[in-house]
file model-v2.cif (mmCIF, C-alpha atoms)
data_work
#
loop_
_atom_site.group_PDB
_atom_site.id
_atom_site.type_symbol
_atom_site.label_atom_id
_atom_site.label_comp_id
_atom_site.auth_asym_id
_atom_site.auth_seq_id
_atom_site.Cartn_x
_atom_site.Cartn_y
_atom_site.Cartn_z
ATOM 1 C CA MET C 1 -56.292 38.578 44.543
ATOM 2 C CA GLN C 2 -52.714 39.548 45.236
ATOM 3 C CA GLN C 3 -52.164 36.214 46.953
ATOM 4 C CA VAL C 4 -53.406 34.368 43.843
ATOM 5 C CA ILE C 5 -50.990 36.325 41.672
ATOM 6 C CA VAL C 6 -48.080 35.474 43.984
ATOM 7 C CA ILE C 7 -48.999 31.777 43.991
ATOM 8 C CA SER C 8 -49.375 31.771 40.189
ATOM 9 C CA ALA C 9 -46.007 33.470 39.775
ATOM 10 C CA ALA C 10 -44.407 30.944 42.124
ATOM 11 C CA LEU C 11 -45.915 28.035 40.170
ATOM 12 C CA LEU C 12 -44.665 29.474 36.874
ATOM 13 C CA ALA C 13 -41.222 29.909 38.381
ATOM 14 C CA VAL C 14 -41.247 26.281 39.546
ATOM 15 C CA LEU C 15 -42.424 25.111 36.093
ATOM 16 C CA PHE C 16 -39.499 26.916 34.442
ATOM 17 C CA LEU C 17 -37.048 25.950 37.171
ATOM 18 C CA ILE C 18 -37.703 22.190 37.071
ATOM 19 C CA PRO C 19 -36.724 21.727 33.366
ATOM 20 C CA TYR C 20 -33.695 23.926 33.946
ATOM 21 C CA LEU C 21 -32.585 21.859 36.934
ATOM 22 C CA LEU C 22 -33.272 18.608 35.060
ATOM 23 C CA GLN C 23 -31.257 19.862 32.086
ATOM 24 C CA ARG C 24 -28.387 20.856 34.329
ATOM 25 C CA ARG C 25 -28.497 17.419 35.938
ATOM 26 C CA GLY C 26 -28.514 15.826 32.492
ATOM 27 C CA ILE C 27 -25.513 17.873 31.342
ATOM 28 C CA ALA C 28 -23.671 16.943 34.541
ATOM 29 C CA LYS C 29 -24.318 13.241 33.814
ATOM 30 C CA VAL C 30 -23.067 13.665 30.239
ATOM 31 C CA ASN C 31 -19.917 15.350 31.573
ATOM 32 C CA GLU C 32 -19.373 12.436 33.964
ATOM 33 C CA GLN C 33 -19.652 9.977 31.065
ATOM 34 C CA LEU C 34 -17.244 12.029 28.928
ATOM 35 C CA ALA C 35 -14.735 12.079 31.808
ATOM 36 C CA ASP C 36 -15.019 8.290 32.055
ATOM 37 C CA ILE C 37 -14.487 7.929 28.286
ATOM 38 C CA ALA C 38 -11.420 10.188 28.496
ATOM 39 C CA GLN C 39 -9.938 7.858 31.125
ATOM 40 C CA HIS C 40 -10.655 4.774 28.945
ATOM 41 C CA PRO C 41 -10.094 6.021 25.353
ATOM 42 C CA THR C 42 -9.684 2.515 23.930
ATOM 43 C CA HIS C 43 -13.097 1.343 25.180
ATOM 44 C CA HIS C 44 -15.944 1.577 22.697
ATOM 45 C CA ILE C 45 -18.363 3.540 24.878
ATOM 46 C CA HIS C 46 -21.228 5.787 23.782
ATOM 47 C CA VAL C 47 -22.672 8.639 25.822
ATOM 48 C CA LYS C 48 -26.151 7.724 27.052
ATOM 49 C CA LEU C 49 -29.027 10.178 27.347
ATOM 50 C CA PRO C 50 -29.770 10.529 31.075
ATOM 51 C CA LEU C 51 -33.065 12.430 30.654
ATOM 52 C CA PRO C 52 -35.457 13.053 27.746
ATOM 53 C CA GLY C 53 -35.188 16.361 25.968
ATOM 54 C CA TYR C 54 -34.730 17.366 22.324
ATOM 55 C CA GLU C 55 -31.762 19.721 22.811
ATOM 56 C CA LEU C 56 -29.907 17.319 25.068
ATOM 57 C CA GLU C 57 -30.696 14.427 22.730
ATOM 58 C CA GLN C 58 -29.204 16.329 19.772
ATOM 59 C CA LEU C 59 -26.132 17.136 21.842
ATOM 60 C CA VAL C 60 -25.627 13.461 22.787
ATOM 61 C CA VAL C 61 -26.092 12.317 19.164
ATOM 62 C CA GLY C 62 -23.481 14.846 18.033
ATOM 63 C CA ILE C 63 -21.036 13.771 20.741
ATOM 64 C CA ASN C 64 -21.440 10.081 19.839
ATOM 65 C CA LYS C 65 -20.773 10.817 16.159
ATOM 66 C CA GLN C 66 -17.584 12.641 17.106
ATOM 67 C CA LEU C 67 -16.560 9.741 19.342
ATOM 68 C CA ASP C 68 -17.111 7.244 16.506
ATOM 69 C CA GLN C 69 -15.068 9.366 14.082
ATOM 70 C CA HIS C 70 -12.293 9.737 16.649
ATOM 71 C CA ARG C 71 -12.174 5.968 17.220
ATOM 72 C CA GLU C 72 -12.069 5.280 13.465
ATOM 73 C CA GLU C 73 -9.158 7.698 13.091
ATOM 74 C CA GLN C 74 -7.473 6.067 16.085
ATOM 75 C CA VAL C 75 -7.772 2.610 14.508
ATOM 76 C CA LYS C 76 -6.406 3.907 11.171
ATOM 77 C CA HIS C 77 -3.556 5.661 12.957
ATOM 78 C CA GLN C 78 -2.629 2.507 14.885
ATOM 79 C CA SER C 79 -2.775 0.486 11.664
ATOM 80 C CA ARG C 80 -0.511 3.008 9.889
ATOM 81 C CA GLU C 81 1.906 2.938 12.835
ATOM 82 C CA ARG C 82 2.124 -0.860 12.695
ATOM 83 C CA MET C 83 2.653 -0.740 8.925
ATOM 84 C CA ILE C 84 5.379 1.918 9.211
ATOM 85 C CA LYS C 85 7.170 -0.068 11.941
ATOM 86 C CA GLN C 86 7.040 -3.196 9.772
ATOM 87 C CA GLU C 87 8.316 -1.259 6.753
ATOM 88 C CA ILE C 88 11.187 0.195 8.779
ATOM 89 C CA ALA C 89 12.050 -3.313 10.004
ATOM 90 C CA ASN C 90 11.954 -4.647 6.432
ATOM 91 C CA ILE C 91 14.042 -1.778 5.060
ATOM 92 C CA SER C 92 16.587 -2.210 7.871
ATOM 93 C CA HIS C 93 16.824 -5.922 7.072
ATOM 94 C CA ASP C 94 17.145 -5.277 3.333
ATOM 95 C CA LEU C 95 19.956 -2.757 3.796
ATOM 96 C CA ARG C 96 21.726 -4.576 6.637
ATOM 97 C CA THR C 97 22.055 -7.861 4.693
ATOM 98 C CA PRO C 98 24.259 -6.546 1.828
ATOM 99 C CA LEU C 99 26.118 -4.238 4.220
ATOM 100 C CA THR C 100 27.067 -7.140 6.498
ATOM 101 C CA SER C 101 28.118 -9.165 3.482
ATOM 102 C CA MET C 102 30.234 -6.290 2.127
ATOM 103 C CA GLN C 103 31.951 -5.872 5.503
ATOM 104 C CA GLY C 104 32.852 -9.542 5.484
ATOM 105 C CA TYR C 105 34.287 -9.396 1.976
ATOM 106 C CA ALA C 106 36.089 -6.112 2.696
ATOM 107 C CA SER C 107 37.887 -7.748 5.643
ATOM 108 C CA LEU C 108 39.218 -10.369 3.221
ATOM 109 C CA LEU C 109 40.863 -7.607 1.181
ATOM 110 C CA LYS C 110 42.811 -6.596 4.306
ATOM 111 C CA ASP C 111 44.095 -10.147 4.754
ATOM 112 C CA PRO C 112 47.597 -10.353 3.180
ATOM 113 C CA SER C 113 47.324 -14.135 2.841
ATOM 114 C CA VAL C 114 44.476 -13.870 0.296
ATOM 115 C CA PRO C 115 45.853 -14.480 -3.249
ATOM 116 C CA GLU C 116 45.658 -11.687 -5.809
ATOM 117 C CA GLY C 117 43.246 -13.622 -8.059
ATOM 118 C CA GLU C 118 40.878 -14.186 -5.164
ATOM 119 C CA ARG C 119 41.109 -10.519 -4.206
ATOM 120 C CA GLN C 120 39.829 -9.570 -7.648
ATOM 121 C CA GLU C 121 36.860 -11.932 -7.225
ATOM 122 C CA VAL C 122 36.105 -10.446 -3.808
ATOM 123 C CA LEU C 123 36.269 -6.931 -5.256
ATOM 124 C CA GLU C 124 33.802 -7.911 -7.998
ATOM 125 C CA ILE C 125 31.416 -9.263 -5.354
ATOM 126 C CA ILE C 126 31.666 -6.046 -3.329
ATOM 127 C CA LEU C 127 30.969 -3.956 -6.441
ATOM 128 C CA HIS C 128 27.929 -6.134 -7.209
ATOM 129 C CA LYS C 129 26.632 -5.710 -3.637
ATOM 130 C CA MET C 130 27.112 -1.944 -3.940
ATOM 131 C CA ALA C 131 25.087 -1.940 -7.166
ATOM 132 C CA VAL C 132 22.334 -3.897 -5.384
ATOM 133 C CA MET C 133 22.296 -1.363 -2.548
ATOM 134 C CA ASN C 134 22.220 1.517 -5.002
ATOM 135 C CA ASN C 135 19.212 -0.075 -6.691
ATOM 136 C CA MET C 136 17.541 -0.432 -3.282
ATOM 137 C CA VAL C 137 18.058 3.228 -2.424
ATOM 138 C CA GLU C 138 16.768 4.311 -5.848
ATOM 139 C CA SER C 139 13.666 2.127 -5.420
ATOM 140 C CA PHE C 140 12.962 3.574 -1.968
ATOM 141 C CA TYR C 141 13.422 7.091 -3.351
ATOM 142 C CA GLU C 142 11.115 6.353 -6.300
ATOM 143 C CA LEU C 143 8.440 4.998 -3.988
ATOM 144 C CA SER C 144 8.783 8.033 -1.721
ATOM 145 C CA SER C 145 8.461 10.372 -4.728
ATOM 146 C CA LEU C 146 5.333 8.571 -5.897
ATOM 147 C CA GLY C 147 3.786 8.787 -2.428
ATOM 148 C CA SER C 148 4.500 12.498 -2.090
ATOM 149 C CA GLY C 149 3.216 13.345 -5.577
ATOM 150 C CA ASP C 150 6.656 14.613 -6.627
ATOM 151 C CA TYR C 151 6.771 12.407 -9.727
ATOM 152 C CA PRO C 152 5.883 14.409 -12.852
ATOM 153 C CA LEU C 153 4.605 12.521 -15.896
ATOM 154 C CA GLU C 154 5.222 13.439 -19.530
ATOM 155 C CA LEU C 155 2.157 12.126 -21.345
ATOM 156 C CA GLN C 156 2.501 11.400 -25.040
ATOM 157 C CA PRO C 157 0.995 8.927 -27.545
ATOM 158 C CA VAL C 158 2.455 5.475 -26.799
ATOM 159 C CA TYR C 159 2.051 2.454 -29.080
ATOM 160 C CA LEU C 160 1.943 -0.321 -26.490
ATOM 161 C CA TYR C 161 2.544 -3.136 -28.963
ATOM 162 C CA SER C 162 6.035 -1.795 -29.797
ATOM 163 C CA LEU C 163 6.870 -0.720 -26.240
ATOM 164 C CA LEU C 164 5.813 -4.018 -24.666
ATOM 165 C CA SER C 165 7.662 -5.998 -27.373
ATOM 166 C CA GLU C 166 10.882 -4.067 -26.651
ATOM 167 C CA VAL C 167 10.658 -4.713 -22.898
ATOM 168 C CA ILE C 168 9.965 -8.433 -23.435
ATOM 169 C CA LEU C 169 12.957 -8.647 -25.801
ATOM 170 C CA ALA C 170 15.200 -6.979 -23.188
ATOM 171 C CA PHE C 171 14.297 -9.698 -20.646
ATOM 172 C CA TYR C 172 14.130 -12.608 -23.082
ATOM 173 C CA SER C 173 17.580 -14.035 -22.240
ATOM 174 C CA ASP C 174 16.783 -13.852 -18.496
ATOM 175 C CA LEU C 175 13.524 -15.727 -19.081
ATOM 176 C CA GLU C 176 15.372 -18.346 -21.141
ATOM 177 C CA GLN C 177 17.971 -18.836 -18.402
ATOM 178 C CA LYS C 178 15.136 -19.462 -15.931
ATOM 179 C CA ASN C 179 13.639 -21.981 -18.400
ATOM 180 C CA ILE C 180 10.408 -19.985 -18.576
ATOM 181 C CA ASP C 181 8.444 -20.682 -21.745
ATOM 182 C CA VAL C 182 6.979 -17.407 -23.077
ATOM 183 C CA GLN C 183 3.746 -17.218 -25.109
ATOM 184 C CA LEU C 184 2.779 -13.861 -26.647
ATOM 185 C CA ASN C 185 -0.729 -12.821 -27.684
ATOM 186 C CA LEU C 186 -0.175 -9.216 -28.703
ATOM 187 C CA ASP C 187 -2.739 -7.409 -30.851
ATOM 188 C CA GLU C 188 -0.959 -4.968 -33.175
ATOM 189 C CA ALA C 189 -4.237 -3.105 -33.757
ATOM 190 C CA VAL C 190 -4.489 -1.868 -30.160
ATOM 191 C CA ARG C 191 -4.760 1.940 -30.235
ATOM 192 C CA THR C 192 -2.121 4.314 -28.928
ATOM 193 C CA LEU C 193 -2.639 5.769 -25.462
ATOM 194 C CA ASN C 194 -1.463 8.976 -23.807
ATOM 195 C CA LEU C 195 1.011 7.597 -21.270
ATOM 196 C CA ASP C 196 4.401 8.393 -19.812
ATOM 197 C CA GLU C 197 6.807 6.168 -21.770
ATOM 198 C CA LYS C 198 9.433 5.839 -19.014
ATOM 199 C CA ALA C 199 6.820 5.083 -16.361
ATOM 200 C CA THR C 200 5.180 2.485 -18.618
ATOM 201 C CA ILE C 201 8.526 0.792 -19.309
ATOM 202 C CA ARG C 202 9.068 0.704 -15.535
ATOM 203 C CA ILE C 203 5.658 -0.948 -15.084
ATOM 204 C CA PHE C 204 6.364 -3.717 -17.600
ATOM 205 C CA SER C 205 9.943 -4.216 -16.334
ATOM 206 C CA ASN C 206 8.847 -4.582 -12.716
ATOM 207 C CA VAL C 207 6.126 -7.070 -13.652
ATOM 208 C CA ILE C 208 8.538 -9.229 -15.671
ATOM 209 C CA GLN C 209 11.103 -9.075 -12.852
ATOM 210 C CA ASN C 210 8.357 -10.322 -10.552
ATOM 211 C CA VAL C 211 7.735 -13.171 -13.013
ATOM 212 C CA LEU C 212 11.446 -14.048 -12.986
ATOM 213 C CA ARG C 213 11.326 -14.368 -9.192
ATOM 214 C CA TYR C 214 8.126 -16.342 -8.804
ATOM 215 C CA ALA C 215 7.243 -18.095 -12.083
ATOM 216 C CA LYS C 216 7.774 -21.835 -12.345
ATOM 217 C CA SER C 217 7.950 -22.671 -16.060
ATOM 218 C CA ARG C 218 5.662 -20.547 -18.247
ATOM 219 C CA LEU C 219 4.495 -16.995 -18.905
ATOM 220 C CA THR C 220 1.749 -15.729 -21.191
ATOM 221 C CA ILE C 221 1.573 -12.025 -22.067
ATOM 222 C CA SER C 222 -1.534 -10.669 -23.785
ATOM 223 C CA LEU C 223 -2.279 -7.226 -25.199
ATOM 224 C CA LEU C 224 -5.859 -6.621 -26.299
ATOM 225 C CA GLU C 225 -8.696 -4.101 -26.348
ATOM 226 C CA GLN C 226 -11.979 -5.031 -24.682
ATOM 227 C CA ASP C 227 -14.944 -2.982 -23.467
ATOM 228 C CA HIS C 228 -13.223 0.235 -24.624
ATOM 229 C CA GLN C 229 -10.232 -0.550 -22.412
ATOM 230 C CA VAL C 230 -6.700 -1.612 -23.331
ATOM 231 C CA GLN C 231 -5.677 -4.621 -21.263
ATOM 232 C CA ILE C 232 -2.206 -6.019 -20.636
ATOM 233 C CA ILE C 233 -2.407 -9.451 -19.014
ATOM 234 C CA PHE C 234 0.515 -11.351 -17.500
ATOM 235 C CA THR C 235 -0.197 -14.978 -16.538
ATOM 236 C CA ASN C 236 2.402 -17.318 -15.050
ATOM 237 C CA ASP C 237 2.417 -20.565 -13.114
ATOM 238 C CA THR C 238 3.820 -20.337 -9.595
ATOM 239 C CA HIS C 239 4.174 -22.235 -6.352
ATOM 240 C CA HIS C 240 5.494 -19.216 -4.407
ATOM 241 C CA ILE C 241 2.402 -16.982 -4.383
ATOM 242 C CA HIS C 242 -0.610 -18.091 -2.338
ATOM 243 C CA ALA C 243 -4.172 -16.863 -1.869
ATOM 244 C CA GLN C 244 -3.289 -15.132 1.426
ATOM 245 C CA ASP C 245 -0.659 -13.057 -0.400
ATOM 246 C CA LEU C 246 -3.122 -11.445 -2.833
ATOM 247 C CA PRO C 247 -4.540 -8.705 -0.549
ATOM 248 C CA LYS C 248 -0.991 -7.575 0.347
ATOM 249 C CA LEU C 249 0.858 -7.923 -2.970
ATOM 250 C CA PHE C 250 0.703 -4.197 -3.747
ATOM 251 C CA GLU C 251 1.737 -3.089 -0.247
ATOM 252 C CA ARG C 252 5.114 -1.454 0.185
ATOM 253 C CA THR C 253 7.957 -3.819 1.195
ATOM 254 C CA TYR C 254 5.649 -6.861 1.099
ATOM 255 C CA THR C 255 7.172 -9.979 -0.429
ATOM 256 C CA ALA C 256 5.740 -13.459 -0.833
ATOM 257 C CA ASP C 257 8.922 -14.751 0.841
ATOM 258 C CA PRO C 258 8.465 -13.721 4.507
ATOM 259 C CA SER C 259 12.087 -14.592 5.307
ATOM 260 C CA ARG C 260 13.205 -12.166 2.550
ATOM 261 C CA ALA C 261 16.009 -14.661 1.945
ATOM 262 C CA ASN C 262 16.061 -13.973 -1.790
ATOM 263 C CA GLY C 263 16.978 -10.322 -1.155
ATOM 264 C CA GLN C 264 13.799 -8.958 -2.717
ATOM 265 C CA LEU C 265 12.503 -5.636 -1.436
ATOM 266 C CA GLY C 266 8.818 -6.119 -2.132
ATOM 267 C CA LEU C 267 8.679 -2.692 -3.810
ATOM 268 C CA GLY C 268 8.191 -3.815 -7.413
ATOM 269 C CA LEU C 269 4.431 -4.312 -7.551
ATOM 270 C CA SER C 270 3.808 -1.402 -5.184
ATOM 271 C CA ILE C 271 5.603 0.889 -7.640
ATOM 272 C CA VAL C 272 3.689 -0.731 -10.527
ATOM 273 C CA LYS C 273 0.330 -0.046 -8.859
ATOM 274 C CA GLN C 274 1.140 3.593 -8.152
ATOM 275 C CA LEU C 275 2.485 4.211 -11.658
ATOM 276 C CA VAL C 276 -0.572 2.569 -13.234
ATOM 277 C CA GLU C 277 -3.022 4.546 -11.099
ATOM 278 C CA LYS C 278 -1.057 7.765 -11.637
ATOM 279 C CA GLN C 279 -1.807 7.294 -15.354
ATOM 280 C CA LYS C 280 -5.550 6.773 -14.675
ATOM 281 C CA GLY C 281 -5.293 3.007 -15.063
ATOM 282 C CA SER C 282 -6.163 0.088 -12.802
ATOM 283 C CA ILE C 283 -4.473 -3.156 -11.802
ATOM 284 C CA GLU C 284 -5.724 -6.351 -10.201
ATOM 285 C CA ALA C 285 -4.191 -9.673 -9.237
ATOM 286 C CA SER C 286 -5.784 -13.105 -9.024
ATOM 287 C CA LEU C 287 -4.711 -16.681 -8.412
ATOM 288 C CA ALA C 288 -6.448 -19.825 -9.621
ATOM 289 C CA GLU C 289 -5.144 -23.394 -9.721
ATOM 290 C CA GLY C 290 -1.515 -22.347 -9.381
ATOM 291 C CA GLU C 291 -1.713 -19.613 -12.046
ATOM 292 C CA PHE C 292 -1.015 -16.036 -11.055
ATOM 293 C CA ARG C 293 -2.728 -13.408 -13.221
ATOM 294 C CA LEU C 294 -1.987 -9.697 -13.304
ATOM 295 C CA VAL C 295 -4.312 -7.482 -15.350
ATOM 296 C CA ILE C 296 -3.459 -3.855 -16.145
ATOM 297 C CA ARG C 297 -6.169 -1.706 -17.735
ATOM 298 C CA PHE C 298 -5.977 1.712 -19.350
ATOM 299 C CA GLY C 299 -9.032 3.593 -20.616
#
call {"tool": "encode", "arguments": {"input": "model-v2.cif", "output": "structure tokens"}}
result
Amino acid sequence: MQQVIVISAALLAVLFLIPYLLQRRGIAKVNEQLADIAQHPTHHIHVKLPLPGYELEQLVVGINKQLDQHREEQVKHQSRERMIKQEIANISHDLRTPLTSMQGYASLLKDPSVPEGERQEVLEIILHKMAVMNNMVESFYELSSLGSGDYPLELQPVYLYSLLSEVILAFYSDLEQKNIDVQLNLDEAVRTLNLDEKATIRIFSNVIQNVLRYAKSRLTISLLEQDHQVQIIFTNDTHHIHAQDLPKLFERTYTADPSRANGQLGLGLSIVKQLVEKQKGSIEASLAEGEFRLVIRFG
């Protein structure tokens, strides 16, 4: 009888020991796979379940979820790094161009053979370049403030018909000089909205400046209310903006001119988008048959 008890006890011990040993072996295999993944972090590898078992299976599922999340964050981080490097390159180019030009003109002022009348012209050019650089720095600062949330808004009732009309009038001579025919479809009955007046003026100004850079011959501006939303629509013909530009138009420092030869920073529409969204609005761009359309909506 005692021998039977000993044998039974031994069998029970073996029955408990085998799963334990198998589980230990499974965990060791998982550790080996994790070590391999650590050595090849860029490879898309999942941990495989070496042996069946509910607890081990749950552990492997959890590990694989963490690995997927880590890889997603890695991809986003690499994308942000590439974007930041490109932005730094663009900003460096944008600042270096007027600086180099100013240095060249400043050297002329040191040349005693340059006539006095020409010196005055050179000085005017330098002052203009300085104003351009100051505008650049202010735009970069504004964009930085928007990104950090340090851009307080003073919301008050704004009558968009009057505000939009004033901004259009301010740019009317510039549009005429560019031979851009302007058509206005502004509904005076559009309700007032709680907006920041300065931010809204900045939105309209940036959009019209974008039109001045890229429009060919005509611009239509519409103000209307549809589906309980106030819409401001800018439509202009263009041969500078293409379908491949649309997904990137609102990115910081992106410009439809990749050479950046026209001195544009590519900040205008990025600032517009952030100011619109900061006021609970939305903006979208589209292009069809050579016509660029920008639609701003406020609820």
call {"tool": "atom_distance", "arguments": {"input": "model-v2.cif", "atom1": "atom CA of Arg297 of chain C", "atom2": "atom CA of Gln231 of chain C"}}
result
4.6 Å
call {"tool": "closest_residue", "arguments": {"input": "model-v2.cif", "among": "C:Ile203, C:Ile180, C:Val276, C:Asn194", "to": "Asp237 of chain C", "atoms": "only C-alpha atoms"}}
result
C:Ile180
call {"tool": "residues_around", "arguments": {"input": "model-v2.cif", "residues": "segment 280-291 of chain C", "least_positions_apart": "2", "cutoff": "10 Å", "atoms": "only C-alpha atoms", "output": "ChimeraX atom specification"}}
result
/C:195,215-216,218-219,229-243,245-247,249-250,269,272-278,293-299
call {"tool": "atom_distance", "arguments": {"input": "model-v2.cif", "atom1": "atom CA of Met130 of chain C", "atom2": "atom CA of Pro98 of chain C"}}
result
7.9 Å
call {"tool": "residues_around", "arguments": {"input": "model-v2.cif", "residues": "Thr192 of chain C", "least_positions_apart": "4", "cutoff": "12 Å", "atoms": "all atoms listed in the file", "output": "short mmCIF file (atom, residue, chain, number, x, y, z; two decimals) with C-alpha atoms, in the coordinates of the input"}}
result
data_model
loop_
_atom_site.label_atom_id
_atom_site.label_comp_id
_atom_site.auth_asym_id
_atom_site.auth_seq_id
_atom_site.Cartn_x
_atom_site.Cartn_y
_atom_site.Cartn_z
CA LEU C 155 2.16 12.13 -21.34
CA GLN C 156 2.50 11.40 -25.04
CA PRO C 157 1.00 8.93 -27.54
CA VAL C 158 2.46 5.48 -26.80
CA TYR C 159 2.05 2.45 -29.08
CA LEU C 160 1.94 -0.32 -26.49
CA TYR C 161 2.54 -3.14 -28.96
CA SER C 162 6.04 -1.80 -29.80
CA LEU C 163 6.87 -0.72 -26.24
CA ASP C 187 -2.74 -7.41 -30.85
CA GLU C 188 -0.96 -4.97 -33.17
CA ASP C 196 4.40 8.39 -19.81
CA GLU C 197 6.81 6.17 -21.77
CA LEU C 224 -5.86 -6.62 -26.30
CA GLU C 225 -8.70 -4.10 -26.35
CA GLN C 229 -10.23 -0.55 -22.41
CA VAL C 230 -6.70 -1.61 -23.33
CA PHE C 298 -5.98 1.71 -19.35
CA GLY C 299 -9.03 3.59 -20.62
#
call {"tool": "resolve_selection", "arguments": {"input": "model-v2.cif", "expression": "the PyMOL selection byres ((chain C and resi 99-108) around 10)", "output": "PDB file with C-alpha atoms, in the coordinates of the input"}}
result
ATOM      1  CA  HIS C  93      16.824  -5.922   7.072  1.00  0.00           C
ATOM      2  CA  ASP C  94      17.145  -5.277   3.333  1.00  0.00           C
ATOM      3  CA  LEU C  95      19.956  -2.757   3.796  1.00  0.00           C
ATOM      4  CA  ARG C  96      21.726  -4.576   6.637  1.00  0.00           C
ATOM      5  CA  THR C  97      22.055  -7.861   4.693  1.00  0.00           C
ATOM      6  CA  PRO C  98      24.259  -6.546   1.828  1.00  0.00           C
ATOM      7  CA  LEU C 109      40.863  -7.607   1.181  1.00  0.00           C
ATOM      8  CA  LYS C 110      42.811  -6.596   4.306  1.00  0.00           C
ATOM      9  CA  ASP C 111      44.095 -10.147   4.754  1.00  0.00           C
ATOM     10  CA  PRO C 112      47.597 -10.353   3.180  1.00  0.00           C
ATOM     11  CA  SER C 113      47.324 -14.135   2.841  1.00  0.00           C
ATOM     12  CA  VAL C 114      44.476 -13.870   0.296  1.00  0.00           C
ATOM     13  CA  GLU C 118      40.878 -14.186  -5.164  1.00  0.00           C
ATOM     14  CA  ARG C 119      41.109 -10.519  -4.206  1.00  0.00           C
ATOM     15  CA  GLU C 121      36.860 -11.932  -7.225  1.00  0.00           C
ATOM     16  CA  VAL C 122      36.105 -10.446  -3.808  1.00  0.00           C
ATOM     17  CA  LEU C 123      36.269  -6.931  -5.256  1.00  0.00           C
ATOM     18  CA  ILE C 125      31.416  -9.263  -5.354  1.00  0.00           C
ATOM     19  CA  ILE C 126      31.666  -6.046  -3.329  1.00  0.00           C
ATOM     20  CA  LEU C 127      30.969  -3.956  -6.441  1.00  0.00           C
ATOM     21  CA  HIS C 128      27.929  -6.134  -7.209  1.00  0.00           C
ATOM     22  CA  LYS C 129      26.632  -5.710  -3.637  1.00  0.00           C
ATOM     23  CA  MET C 130      27.112  -1.944  -3.940  1.00  0.00           C
ATOM     24  CA  MET C 133      22.296  -1.363  -2.548  1.00  0.00           C
TER      25      MET C 133
END
